[in-house]
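Undergrad: Just entry02.cif, nothing more (mmCIF, C-alpha atoms):
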```cif
data_coords
loop_
_atom_site.group_PDB
_atom_site.id
_atom_site.type_symbol
_atom_site.label_atom_id
_atom_site.label_comp_id
_atom_site.auth_asym_id
_atom_site.auth_seq_id
_atom_site.Cartn_x
_atom_site.Cartn_y
_atom_site.Cartn_z
ATOM 1 C CA MET A 1 21.964 -14.066 -2.491
ATOM 2 C CA LYS A 2 19.503 -12.644 -0.001
ATOM 3 C CA SER A 3 21.055 -10.398 2.623
ATOM 4 C CA ASN A 4 20.972 -11.037 6.351
ATOM 5 C CA ARG A 5 18.149 -9.005 7.878
ATOM 6 C CA THR A 6 20.249 -7.157 10.385
ATOM 7 C CA CYS A 7 18.974 -6.334 13.883
ATOM 8 C CA ARG A 8 15.450 -7.518 12.995
ATOM 9 C CA ARG A 9 14.292 -7.679 16.622
ATOM 10 C CA ALA A 10 15.535 -4.258 17.617
ATOM 11 C CA ARG A 11 12.862 -1.936 18.943
ATOM 12 C CA ILE A 12 11.717 1.175 17.072
ATOM 13 C CA SER A 13 11.948 4.518 18.871
ATOM 14 C CA ARG A 14 10.598 7.572 17.046
ATOM 15 C CA ARG A 15 11.837 10.288 19.416
ATOM 16 C CA SER A 16 12.154 13.687 17.726
ATOM 17 C CA VAL A 17 11.958 12.172 14.240
ATOM 18 C CA ALA A 18 8.335 11.198 14.825
ATOM 19 C CA LYS A 19 7.555 14.705 15.999
ATOM 20 C CA PHE A 20 9.190 16.098 12.895
ATOM 21 C CA LEU A 21 7.320 13.764 10.567
ATOM 22 C CA THR A 22 3.984 14.633 12.170
ATOM 23 C CA ALA A 23 4.637 18.292 11.585
ATOM 24 C CA ALA A 24 5.857 17.854 8.018
ATOM 25 C CA PRO A 25 3.160 17.306 5.358
ATOM 26 C CA LEU A 26 3.537 14.314 3.077
ATOM 27 C CA LEU A 27 3.660 14.870 -0.644
ATOM 28 C CA ALA A 28 0.559 13.987 -2.647
ATOM 29 C CA LEU A 29 0.545 10.459 -4.014
ATOM 30 C CA SER A 30 1.948 10.160 -7.497
ATOM 31 C CA ARG A 31 -0.555 9.357 -10.219
ATOM 32 C CA THR A 32 2.045 8.261 -12.734
ATOM 33 C CA ALA A 33 1.225 4.664 -13.597
ATOM 34 C CA ARG A 34 3.873 1.961 -13.865
ATOM 35 C CA ALA A 35 6.790 4.226 -13.078
ATOM 36 C CA ALA A 36 10.278 2.760 -13.298
ATOM 37 C CA PRO A 37 11.589 1.264 -10.044
ATOM 38 C CA THR A 38 14.319 2.928 -8.023
ATOM 39 C CA PRO A 39 17.673 1.791 -9.467
ATOM 40 C CA SER A 40 19.417 -0.860 -7.420
ATOM 41 C CA ALA A 41 23.025 -0.701 -6.244
ATOM 42 C CA VAL A 42 25.535 -3.003 -4.624
ATOM 43 C CA GLU A 43 25.201 -3.558 -0.890
ATOM 44 C CA GLY A 44 28.869 -2.821 -0.330
ATOM 45 C CA PRO A 45 31.197 -4.408 2.224
ATOM 46 C CA PHE A 46 29.934 -2.585 5.332
ATOM 47 C CA TYR A 47 26.376 -3.866 5.831
ATOM 48 C CA LEU A 48 26.184 -4.588 9.553
ATOM 49 C CA THR A 49 25.793 -7.970 11.178
ATOM 50 C CA SER A 50 23.719 -8.347 14.346
ATOM 51 C CA THR A 51 26.835 -8.378 16.564
ATOM 52 C CA MET A 52 27.851 -4.907 15.324
ATOM 53 C CA CYS A 53 24.553 -3.137 16.060
ATOM 54 C CA TYR A 54 23.995 -0.837 18.987
ATOM 55 C CA ARG A 55 21.079 -1.855 21.195
ATOM 56 C CA ASP A 56 19.530 1.504 20.355
ATOM 57 C CA ILE A 57 18.667 0.869 16.719
ATOM 58 C CA ASP A 58 15.989 3.242 15.485
ATOM 59 C CA ASN A 59 15.472 5.953 12.878
ATOM 60 C CA ASP A 60 17.522 8.598 14.717
ATOM 61 C CA LEU A 61 21.203 7.985 13.943
ATOM 62 C CA VAL A 62 22.388 11.209 15.551
ATOM 63 C CA LYS A 63 21.723 10.333 19.210
ATOM 64 C CA ILE A 64 22.428 6.989 20.889
ATOM 65 C CA ALA A 65 20.382 6.222 24.007
ATOM 66 C CA GLY A 66 22.399 6.424 27.213
ATOM 67 C CA ARG A 67 25.169 8.559 25.729
ATOM 68 C CA VAL A 68 25.738 12.253 26.289
ATOM 69 C CA GLU A 69 27.521 12.998 23.035
ATOM 70 C CA LYS A 70 25.723 13.499 19.743
ATOM 71 C CA ALA A 71 27.067 12.696 16.316
ATOM 72 C CA GLY A 72 29.381 15.120 14.592
ATOM 73 C CA GLY A 73 28.534 16.478 11.165
ATOM 74 C CA GLU A 74 25.585 18.366 9.692
ATOM 75 C CA VAL A 75 22.279 16.960 10.926
ATOM 76 C CA ILE A 76 19.672 16.349 8.223
ATOM 77 C CA HIS A 77 16.205 14.813 7.938
ATOM 78 C CA LEU A 78 15.685 12.204 5.242
ATOM 79 C CA ARG A 79 12.122 11.243 4.471
ATOM 80 C CA GLY A 80 9.931 9.897 1.691
ATOM 81 C CA ARG A 81 7.530 7.146 0.783
ATOM 82 C CA VAL A 82 7.866 3.575 -0.391
ATOM 83 C CA LEU A 83 5.599 3.033 -3.399
ATOM 84 C CA ASP A 84 4.779 0.178 -5.726
ATOM 85 C CA ARG A 85 5.042 0.438 -9.515
ATOM 86 C CA ASP A 86 1.536 1.916 -9.696
ATOM 87 C CA GLY A 87 2.401 4.691 -7.261
ATOM 88 C CA GLN A 88 0.451 3.163 -4.382
ATOM 89 C CA PRO A 89 1.916 3.345 -0.871
ATOM 90 C CA VAL A 90 3.537 0.248 0.614
ATOM 91 C CA GLN A 91 2.737 -0.098 4.304
ATOM 92 C CA GLY A 92 4.855 -2.168 6.667
ATOM 93 C CA ALA A 93 8.062 -2.083 4.614
ATOM 94 C CA ARG A 94 11.323 -2.063 6.569
ATOM 95 C CA VAL A 95 13.609 0.741 5.362
ATOM 96 C CA GLU A 96 17.222 0.477 6.518
ATOM 97 C CA ILE A 97 20.009 3.013 6.066
ATOM 98 C CA TRP A 98 23.710 2.884 6.911
ATOM 99 C CA GLN A 99 26.568 5.259 6.189
ATOM 100 C CA CYS A 100 29.995 6.360 7.365
ATOM 101 C CA ASP A 101 30.412 8.904 10.149
ATOM 102 C CA VAL A 102 31.746 12.435 9.784
ATOM 103 C CA ASN A 103 35.297 10.995 9.816
ATOM 104 C CA GLY A 104 34.544 8.671 6.897
ATOM 105 C CA ARG A 105 34.410 5.544 9.119
ATOM 106 C CA TYR A 106 31.771 2.823 9.102
ATOM 107 C CA LEU A 107 30.487 1.004 12.157
ATOM 108 C CA HIS A 108 31.871 -2.254 10.816
ATOM 109 C CA SER A 109 34.757 -4.501 11.780
ATOM 110 C CA GLY A 110 35.916 -4.562 8.174
ATOM 111 C CA ASP A 111 36.585 -0.827 8.177
ATOM 112 C CA SER A 112 40.179 0.031 9.047
ATOM 113 C CA GLY A 113 38.896 2.755 11.379
ATOM 114 C CA TYR A 114 36.495 0.520 13.299
ATOM 115 C CA ARG A 115 38.334 1.003 16.584
ATOM 116 C CA ARG A 116 36.509 3.477 18.818
ATOM 117 C CA GLU A 117 39.302 6.056 18.891
ATOM 118 C CA ARG A 118 39.090 6.439 15.118
ATOM 119 C CA ARG A 119 35.293 6.572 14.877
ATOM 120 C CA ASP A 120 32.634 9.038 15.941
ATOM 121 C CA SER A 121 31.260 7.187 18.976
ATOM 122 C CA GLY A 122 28.159 9.398 18.970
ATOM 123 C CA PHE A 123 26.976 8.214 15.564
ATOM 124 C CA GLN A 124 24.667 5.214 15.354
ATOM 125 C CA GLY A 125 25.856 4.193 11.877
ATOM 126 C CA PHE A 126 22.798 2.078 11.040
ATOM 127 C CA GLY A 127 19.066 2.567 11.528
ATOM 128 C CA PHE A 128 15.679 1.496 10.295
ATOM 129 C CA ASP A 129 12.080 2.635 10.073
ATOM 130 C CA ILE A 130 8.807 0.855 9.233
ATOM 131 C CA THR A 131 6.548 2.555 6.698
ATOM 132 C CA GLY A 132 3.124 3.780 7.765
ATOM 133 C CA PRO A 133 -0.236 3.668 5.969
ATOM 134 C CA GLN A 134 0.927 6.221 3.395
ATOM 135 C CA GLY A 135 4.191 4.373 2.817
ATOM 136 C CA ASP A 136 6.094 7.077 4.691
ATOM 137 C CA TYR A 137 9.524 6.690 6.287
ATOM 138 C CA ALA A 138 11.740 9.198 8.104
ATOM 139 C CA PHE A 139 15.277 9.378 9.490
ATOM 140 C CA ARG A 140 17.413 11.880 11.336
ATOM 141 C CA THR A 141 21.031 11.417 10.357
ATOM 142 C CA ILE A 142 24.011 13.406 9.088
ATOM 143 C CA LYS A 143 24.739 14.695 5.617
ATOM 144 C CA PRO A 144 27.010 12.043 4.059
ATOM 145 C CA VAL A 145 30.679 12.821 3.579
ATOM 146 C CA PRO A 146 33.195 11.451 1.058
ATOM 147 C CA TYR A 147 35.894 8.937 1.807
ATOM 148 C CA PRO A 148 38.709 7.744 -0.495
ATOM 149 C CA GLY A 149 37.255 6.297 -3.684
ATOM 150 C CA ARG A 150 33.606 7.297 -3.158
ATOM 151 C CA THR A 151 31.402 10.336 -3.436
ATOM 152 C CA PRO A 152 29.148 11.019 -0.414
ATOM 153 C CA HIS A 153 26.258 8.553 -0.226
ATOM 154 C CA ILE A 154 23.796 6.811 2.083
ATOM 155 C CA HIS A 155 23.136 3.090 1.686
ATOM 156 C CA VAL A 156 19.453 2.128 1.641
ATOM 157 C CA LYS A 157 17.732 -1.252 1.802
ATOM 158 C CA VAL A 158 13.977 -1.914 1.648
ATOM 159 C CA LEU A 159 12.495 -5.264 2.712
ATOM 160 C CA HIS A 160 8.841 -6.155 2.245
ATOM 161 C CA HIS A 161 7.114 -9.549 2.096
ATOM 162 C CA GLY A 162 10.214 -11.375 0.959
ATOM 163 C CA SER A 163 11.256 -8.827 -1.661
ATOM 164 C CA GLU A 164 14.341 -6.679 -1.296
ATOM 165 C CA LEU A 165 15.731 -3.528 -2.917
ATOM 166 C CA THR A 166 19.194 -2.161 -2.164
ATOM 167 C CA THR A 167 20.240 1.256 -3.447
ATOM 168 C CA GLN A 168 22.275 4.348 -2.542
ATOM 169 C CA PHE A 169 21.284 8.013 -2.182
ATOM 170 C CA TYR A 170 23.599 10.820 -3.334
ATOM 171 C CA LEU A 171 23.996 14.580 -2.804
ATOM 172 C CA ALA A 172 22.774 16.781 -5.642
ATOM 173 C CA GLU A 173 25.557 18.388 -7.698
ATOM 174 C CA HIS A 174 28.377 17.178 -5.472
ATOM 175 C CA PRO A 175 31.635 17.591 -7.436
ATOM 176 C CA LEU A 176 32.745 14.015 -6.719
ATOM 177 C CA ASN A 177 29.606 12.544 -8.341
ATOM 178 C CA ARG A 178 31.057 12.848 -11.825
ATOM 179 C CA ARG A 179 34.060 10.726 -10.819
ATOM 180 C CA ASP A 180 32.142 8.082 -8.853
ATOM 181 C CA ILE A 181 31.947 4.799 -10.747
ATOM 182 C CA LEU A 182 28.525 3.819 -9.362
ATOM 183 C CA PHE A 183 26.916 7.209 -9.879
ATOM 184 C CA ARG A 184 28.316 7.619 -13.397
ATOM 185 C CA ARG A 185 27.006 4.280 -14.672
ATOM 186 C CA MET A 186 23.382 5.355 -14.085
ATOM 187 C CA SER A 187 21.235 7.205 -16.600
ATOM 188 C CA LYS A 188 20.141 10.779 -15.867
ATOM 189 C CA ARG A 189 16.693 9.510 -14.877
ATOM 190 C CA GLU A 190 18.209 6.969 -12.504
ATOM 191 C CA GLN A 191 20.535 9.562 -10.984
ATOM 192 C CA ASP A 192 17.614 11.892 -10.335
ATOM 193 C CA ALA A 193 15.683 9.085 -8.634
ATOM 194 C CA VAL A 194 18.381 8.605 -5.977
ATOM 195 C CA THR A 195 19.547 12.198 -5.542
ATOM 196 C CA MET A 196 18.954 14.108 -2.309
ATOM 197 C CA ARG A 197 17.992 17.763 -2.708
ATOM 198 C CA PHE A 198 17.494 19.775 0.452
ATOM 199 C CA GLU A 199 14.982 22.331 1.638
ATOM 200 C CA ARG A 200 15.092 24.260 4.882
ATOM 201 C CA GLY A 201 12.752 22.784 7.478
ATOM 202 C CA SER A 202 11.882 23.881 10.989
ATOM 203 C CA GLU A 203 14.505 21.506 12.423
ATOM 204 C CA GLY A 204 17.151 21.783 9.697
ATOM 205 C CA PRO A 205 17.746 20.585 6.131
ATOM 206 C CA VAL A 206 15.136 18.154 4.768
ATOM 207 C CA SER A 207 15.402 15.853 1.753
ATOM 208 C CA THR A 208 12.456 13.883 0.365
ATOM 209 C CA VAL A 209 13.254 10.803 -1.705
ATOM 210 C CA ASP A 210 10.534 8.355 -2.704
ATOM 211 C CA ILE A 211 11.455 4.704 -3.307
ATOM 212 C CA ARG A 212 9.662 2.614 -5.938
ATOM 213 C CA LEU A 213 9.776 -1.142 -5.639
#
```
The structure given in the file should be rewritten as structure tokens.

TA:
Amino acid sequence: MKSNRTCRRARISRRSVAKFLTAAPLLALSRTARAAPTPSAVEGPFYLTSTMCYRDIDNDLVKIAGRVEKAGGEVIHLRGRVLDRDGQPVQGARVEIWQCDVNGRYLHSGDSGYRRERRDSGFQGFGFDITGPQGDYAFRTIKPVPYPGRTPHIHVKVLHHGSELTTQFYLAEHPLNRRDILFRRMSKREQDAVTMRFERGSEGPVSTVDIRL
């Protein structure tokens, strides 16, 4: 069943993420024809509804407009491109991410730690970006942390012209990966396609993950 397109009317603010993306060169377009699509994954129980979103919904999950505090945890930049099966960029796709905070709590009423005193109130929890002419997207967020039963991961959803892909991104070589039921069921190729590997950028760790529809 098609998922609710959460916070569809929220405005996009690029802030420092846009500055970072402008400074960071995009990878050359892949010439590999008909590459396999990014493996899909379950949406999970904590996909936000419109009543749970902050008004400040953008691609910077670390700083919420109007608040002094910033999110706890290690700040990272997640970027990449949305491509079709022929390796061509997909412009105008909506890329959404959501994840737990540094305390392992989701911004969701179904999470037992939803109450403010048990959550990181400086973490946005959910964000989105719209791909540009080269299919590029970018987020500033925190490095995902584990919580009971799951290895660290970031939920990702891509929506474009009525099509939808939901997946999850993982940390390279994290020791909990080998015990995670969702990560283990994928092939090595599929695992590599959704694995975040980091390089040192001018504003902190950077991971580039392309998404193929």

Undergrad: Convert the output of the PyMOL selection byres ((chain A and resi 62-74) around 10) on the shown file into explicit residues, formatted as a list in words.

TA: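 When the PyMOL selection byres ((chain A and resi 62-74) around 10) is applied to the shown file, the picked residues are Arg15, Tyr54, Arg55, Asp56, Ile57, Asp58, Asn59, Asp60, Leu61, Val75, Ile76, Asp101, Val102, Asn103, Asp120, Ser121, Gly122, Phe123, Gln124, Gly125, Phe139, Arg140, Thr141, Ile142, Lys143, Pro144, Val145, Gly204 and Pro205 of chain A.
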
Undergrad: Closest to A:Leu48 among A:His108, A:Arg150, A:Arg118, A:Arg81, using only C-alpha atoms?

TA: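 Using only C-alpha atoms, A:Leu48 sits closest to A:His108.
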
Undergrad: Decode the PyMOL selection byres ((chain A and resi 133) around 9) for the given file into explicit residues and return them as number ranges by chain.

TA: A: 89-92, 131-132, 134-136

Undergrad: Produce the centre coordinates and the three edge lengths, each in Å to one decimal, of the box along x, y and z that contains all listed atoms of stretch 161-180 of chain A with 8 Å added on each side, as JSON.

TA:
```
{"center_x": 20.6, "center_y": 3.5, "center_z": -4.9, "size_x": 42.9, "size_y": 45.8, "size_z": 29.9}
```

Undergrad: Write out as a list of chain:residue names each polymer residue whose atoms come within 8 Å of A:Val95, counting all atoms listed in the file; drop sequence neighbours fewer than 5 positions from it.

TA: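 Here the answer would be A:Phe128, A:Asp129, A:Ile130, A:Thr131, A:Tyr137, A:Val156, A:Lys157, A:Val158, A:Leu159.
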
Undergrad: Provide the atom CA of A:Leu107 to atom CA of A:Gly201 distance in Å, to one decimal place.

TA: 28.5 Å

Undergrad: For the provided coordinates, the residues matched by the PyMOL selection byres ((chain A and resi 37) around 7) should be stated as a tab-separated table (two decimals) with C-alpha atoms, keeping the file's coordinate frame.

TA:
```tsv
chain	number	residue	atom	x	y	z
A	35	ALA	CA	6.79	4.23	-13.08
A	36	ALA	CA	10.28	2.76	-13.30
A	38	THR	CA	14.32	2.93	-8.02
A	39	PRO	CA	17.67	1.79	-9.47
A	85	ARG	CA	5.04	0.44	-9.52
A	212	ARG	CA	9.66	2.61	-5.94
A	213	LEU	CA	9.78	-1.14	-5.64
```

Undergrad: One decimal, Å: what's the distance from atom CA of A:Gly127 over to atom CA of A:Ile154, could you say?

TA: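 Between atom CA of A:Gly127 and atom CA of A:Ile154 the gap works out to 11.4 Å.
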